[in-house]
>>> print(open('my_file-v7.cif').read())   # mmCIF, C-alpha atoms
data_query
#
loop_
_atom_site.label_atom_id
_atom_site.label_comp_id
_atom_site.auth_asym_id
_atom_site.auth_seq_id
_atom_site.Cartn_x
_atom_site.Cartn_y
_atom_site.Cartn_z
CA MET I 1 102.26 244.97 -92.71
CA ASP I 2 101.94 248.71 -92.11
CA GLY I 3 99.22 250.24 -94.22
CA ALA I 4 97.23 247.01 -94.31
CA THR I 5 93.59 246.69 -93.32
CA ILE I 6 92.78 244.34 -90.48
CA GLY I 7 89.24 243.11 -89.95
CA LEU I 8 88.06 242.11 -86.50
CA VAL I 9 84.96 239.99 -86.08
CA GLY I 10 83.98 240.57 -82.47
CA LEU I 11 84.88 243.48 -80.22
CA GLY I 12 84.50 241.75 -76.88
CA HIS I 13 87.33 241.59 -74.37
CA ILE I 14 89.84 239.90 -76.69
CA GLY I 15 88.76 241.86 -79.76
CA ARG I 16 89.30 245.13 -77.86
CA LEU I 17 92.74 243.98 -76.68
CA VAL I 18 93.68 243.17 -80.27
CA ALA I 19 92.33 246.54 -81.46
CA ARG I 20 94.48 248.34 -78.87
CA ARG I 21 97.59 246.49 -80.05
CA LEU I 22 96.79 247.22 -83.68
CA ALA I 23 96.36 250.93 -82.88
CA GLU I 24 100.11 251.05 -82.22
CA HIS I 25 100.76 250.48 -85.93
CA ASP I 26 99.98 252.17 -89.21
CA LEU I 27 96.94 250.00 -89.94
CA ARG I 28 93.32 250.54 -90.81
CA VAL I 29 91.10 248.48 -88.51
CA LEU I 30 87.57 247.51 -89.47
CA ALA I 31 85.28 245.63 -87.09
CA TYR I 32 81.99 243.81 -87.13
CA ASP I 33 80.18 243.37 -83.84
CA PRO I 34 76.42 243.92 -83.61
CA PHE I 35 76.77 244.74 -79.90
CA ALA I 36 79.62 247.26 -80.16
CA ARG I 37 78.83 250.89 -79.51
CA PRO I 38 80.14 253.36 -82.09
CA ASP I 39 81.77 255.52 -79.39
CA GLU I 40 83.65 252.49 -78.00
CA ALA I 41 84.85 251.52 -81.46
CA ALA I 42 85.96 255.07 -82.24
CA GLY I 43 87.88 255.17 -78.96
CA LEU I 44 89.76 252.08 -80.12
CA GLY I 45 90.48 253.61 -83.52
CA VAL I 46 88.19 251.07 -85.16
CA GLU I 47 85.68 251.62 -87.96
CA LEU I 48 82.46 249.61 -87.49
CA ALA I 49 81.01 248.03 -90.63
CA GLY I 50 78.78 245.16 -91.68
CA LEU I 51 80.25 241.68 -91.87
CA PRO I 52 80.48 241.61 -95.70
CA ALA I 53 82.31 244.97 -95.74
CA VAL I 54 84.75 243.83 -93.06
CA ILE I 55 85.50 240.55 -94.84
CA GLY I 56 85.77 242.12 -98.28
CA GLY I 57 87.90 245.02 -97.10
CA SER I 58 90.46 243.19 -94.97
CA ASP I 59 93.93 241.96 -95.76
CA VAL I 60 93.76 239.96 -92.54
CA LEU I 61 90.45 238.84 -91.06
CA THR I 62 90.71 237.79 -87.43
CA LEU I 63 87.85 236.18 -85.52
CA HIS I 64 87.08 237.01 -81.88
CA ALA I 65 83.34 236.29 -81.65
CA PRO I 66 81.63 233.88 -79.27
CA HIS I 67 80.27 230.61 -80.64
CA ASN I 68 76.52 230.38 -80.22
CA ASP I 69 73.46 229.70 -82.37
CA ALA I 70 73.72 233.12 -84.04
CA THR I 71 77.42 232.78 -84.91
CA HIS I 72 77.61 229.06 -85.80
CA HIS I 73 79.31 228.84 -89.22
CA MET I 74 79.04 232.60 -89.65
CA ILE I 75 82.02 232.24 -91.99
CA SER I 76 80.90 229.91 -94.76
CA THR I 77 80.97 229.84 -98.56
CA ALA I 78 79.34 233.23 -99.21
CA GLU I 79 81.55 235.00 -96.66
CA LEU I 80 84.76 233.26 -97.76
CA ASP I 81 84.07 234.26 -101.35
CA LEU I 82 84.26 237.91 -100.23
CA MET I 83 87.89 237.57 -99.14
CA PRO I 84 90.24 239.73 -101.21
CA PRO I 85 93.15 238.23 -103.15
CA HIS I 86 96.15 237.28 -101.00
CA SER I 87 94.28 237.80 -97.73
CA THR I 88 94.50 235.74 -94.54
CA LEU I 89 91.83 234.30 -92.27
CA LEU I 90 92.90 233.91 -88.64
CA ASN I 91 90.64 232.10 -86.17
CA THR I 92 91.73 232.07 -82.53
CA ALA I 93 88.21 232.24 -81.09
CA ARG I 94 86.05 229.14 -81.59
CA GLY I 95 86.16 226.51 -84.31
CA GLY I 96 82.40 226.54 -84.86
CA LEU I 97 82.52 230.08 -86.27
CA VAL I 98 83.91 228.67 -89.52
CA ASP I 99 82.27 226.06 -91.74
CA HIS I 100 85.32 223.85 -92.23
CA ASP I 101 83.87 221.97 -95.23
CA ALA I 102 83.32 225.29 -96.99
CA LEU I 103 86.81 226.43 -95.94
CA VAL I 104 88.45 223.33 -97.45
CA GLU I 105 86.59 223.87 -100.72
CA PHE I 106 87.45 227.58 -100.72
CA LEU I 107 91.16 227.13 -99.94
CA THR I 108 91.42 224.43 -102.60
CA ARG I 109 89.91 226.84 -105.14
CA ARG I 110 91.63 230.02 -103.87
CA ARG I 111 95.29 229.11 -103.34
CA ASP I 112 96.12 232.82 -102.89
CA VAL I 113 94.25 233.00 -99.56
CA PHE I 114 95.82 231.66 -96.38
CA ALA I 115 94.07 230.38 -93.24
CA VAL I 116 95.55 230.04 -89.77
CA LEU I 117 93.31 228.05 -87.45
CA ASP I 118 94.16 227.95 -83.77
CA VAL I 119 90.75 226.36 -83.14
CA THR I 120 88.75 223.87 -85.18
CA GLU I 121 85.45 222.05 -85.24
CA PRO I 122 85.75 219.46 -83.85
CA GLU I 123 88.37 220.86 -81.47
CA GLU I 124 90.79 218.17 -82.54
CA LEU I 125 90.53 217.46 -86.23
CA PRO I 126 90.72 213.78 -87.16
CA ALA I 127 93.98 212.50 -88.61
CA GLY I 128 94.07 212.99 -92.35
CA HIS I 129 91.65 215.93 -92.37
CA PRO I 130 92.02 217.87 -95.66
CA LEU I 131 93.07 221.07 -93.82
CA PHE I 132 96.31 219.31 -92.82
CA ARG I 133 97.16 218.67 -96.47
CA LEU I 134 96.52 222.15 -97.85
CA GLY I 135 99.58 224.32 -98.41
CA ASN I 136 97.62 227.47 -97.65
CA ALA I 137 96.30 226.33 -94.26
CA LEU I 138 98.03 226.10 -90.91
CA VAL I 139 96.33 224.31 -88.02
CA THR I 140 97.76 224.83 -84.54
CA PRO I 141 96.62 223.72 -81.08
CA HIS I 142 94.52 226.26 -79.15
CA ILE I 143 97.60 227.36 -77.23
CA ALA I 144 99.42 228.71 -80.27
CA GLY I 145 99.78 232.16 -78.71
CA SER I 146 101.28 230.87 -75.49
CA LEU I 147 104.85 231.85 -74.82
CA GLY I 148 105.59 229.24 -72.16
CA THR I 149 104.88 231.33 -69.06
CA ASP I 150 101.27 232.13 -69.94
CA GLU I 151 99.76 229.19 -68.08
CA ALA I 152 101.49 230.24 -64.86
CA ARG I 153 100.37 233.85 -65.37
CA LEU I 154 96.77 232.69 -65.89
CA GLY I 155 96.97 230.68 -62.66
CA ASP I 156 98.33 233.70 -60.80
CA LEU I 157 95.55 235.88 -62.20
CA ALA I 158 92.87 233.38 -61.13
CA ALA I 159 94.37 233.08 -57.64
CA ALA I 160 94.53 236.87 -57.22
CA GLU I 161 90.92 237.17 -58.36
CA LEU I 162 89.89 234.52 -55.80
CA VAL I 163 91.65 236.45 -53.04
CA ARG I 164 89.83 239.63 -54.07
CA PHE I 165 86.51 237.76 -53.97
CA LEU I 166 87.18 236.22 -50.55
CA GLU I 167 88.24 239.58 -49.13
CA GLY I 168 85.14 241.30 -50.52
CA ASP I 169 87.13 243.50 -52.91
CA PRO I 170 85.87 244.37 -56.39
CA LEU I 171 86.85 241.81 -59.02
CA GLU I 172 89.09 242.94 -61.85
CA HIS I 173 88.00 240.25 -64.32
CA GLU I 174 84.38 239.62 -63.42
CA VAL I 175 82.26 237.69 -65.90
CA ASN I 176 78.58 238.33 -65.33
CA GLU I 177 75.77 236.18 -66.65
CA ASP I 178 74.43 238.92 -68.95
CA ARG I 179 77.69 239.08 -70.91
CA LEU I 180 78.59 235.37 -70.77
CA ALA I 181 76.68 234.50 -73.95
CA LEU I 182 78.58 237.25 -75.77
CA SER I 183 82.03 236.07 -74.65
CA ALA I 184 84.31 234.33 -77.11
#
>>> encode(input="my_file-v7.cif", output="structure tokens")
Amino acid sequence: MDGATIGLVGLGHIGRLVARRLAEHDLRVLAYDPFARPDEAAGLGVELAGLPAVIGGSDVLTLHAPHNDATHHMISTAELDLMPPHSTLLNTARGGLVDHDALVEFLTRRRDVFAVLDVTEPEELPAGHPLFRLGNALVTPHIAGSLGTDEARLGDLAAAELVRFLEGDPLEHEVNEDRLALSA
């Protein structure tokens, strides 16, 4: 995949982690995030652009935005139609970012585009949903990235953070109310 262009939608905590991993490879990384500062993006090796430019310029489009009123179905018919030939949509953030009815119609029409959905709307798609029948869609449970030991590591991280809080030490993974609405 070296030389490909990866598009990130959202440069919050997870988006930045993904950008850092991508920086280790010969990839061009575009990102859309209306709250990202240009200096932060540059430090990650990421080019900021508008959503249409990121979608239209990416071989792989990966979503890391929060789901709220402003981002609900931010990927719908008009945005999907911007996807280049043979590109991939990857959603590991929140199902509500993608209009699934529009996605089914798009993937039926554009067999060259692939979608990997680790999250859906609703969170568990009903049996027989059209996305399960499409050859260019893969639906996984929201733990698709887990390697088996991740749940234990998350528990250890939460316990260590609680100890820091109880001992009055600075938290390493603090989530403050101002940023909560922007978290994926």
>>> atom_distance(input="my_file-v7.cif", atom1="CA of Asp81 in chain I", atom2="CA of His25 in chain I")
27.9 Å
>>> axis_aligned_box(input="my_file-v7.cif", around="range 122-128 of chain I", padding_each_side="8 Å", output="lines of an AutoDock Vina configuration file")
center_x = 89.9
center_y = 216.7
center_z = -86.9
size_x = 24.3
size_y = 24.4
size_z = 26.9
>>> resolve_selection(input="my_file-v7.cif", expression="the PyMOL selection byres ((chain I and resi 75) around 12)", output="VMD selection string")
chain I and resid 9 51 to 52 54 to 55 61 to 63 65 67 70 to 74 76 to 83 89 to 91 94 to 103 106
>>> atom_distance(input="my_file-v7.cif", atom1="CA of Glu105 in chain I", atom2="CA of Leu131 in chain I")
9.9 Å
>>> resolve_selection(input="my_file-v7.cif", expression="the PyMOL selection byres ((chain I and resi 19) around 8)", output="list in words")
Leu8, Gly15, Arg16, Leu17, Val18, Arg20, Arg21, Leu22, Ala23, Val29, Leu44, Gly45 and Val46 of chain I
>>> resolve_selection(input="my_file-v7.cif", expression="the PyMOL selection byres ((chain I and resi 112-114) around 10)", output="ChimeraX atom specification")
/I:59-60,80,83-90,106-111,115-117,134-138
>>> atom_distance(input="my_file-v7.cif", atom1="CA of Gly43 in chain I", atom2="CA of Val119 in chain I")
29.3 Å
>>> closest_residue(input="my_file-v7.cif", among="I:Asn68, I:His13, I:Gly57, I:Glu124", to="His173 in chain I", atoms="only C-alpha atoms")
I:His13
>>> closest_residue(input="my_file-v7.cif", among="I:Gly3, I:Gly56, I:Gly12, I:Pro170", to="Arg28 in chain I", atoms="all atoms listed in the file")
I:Gly3
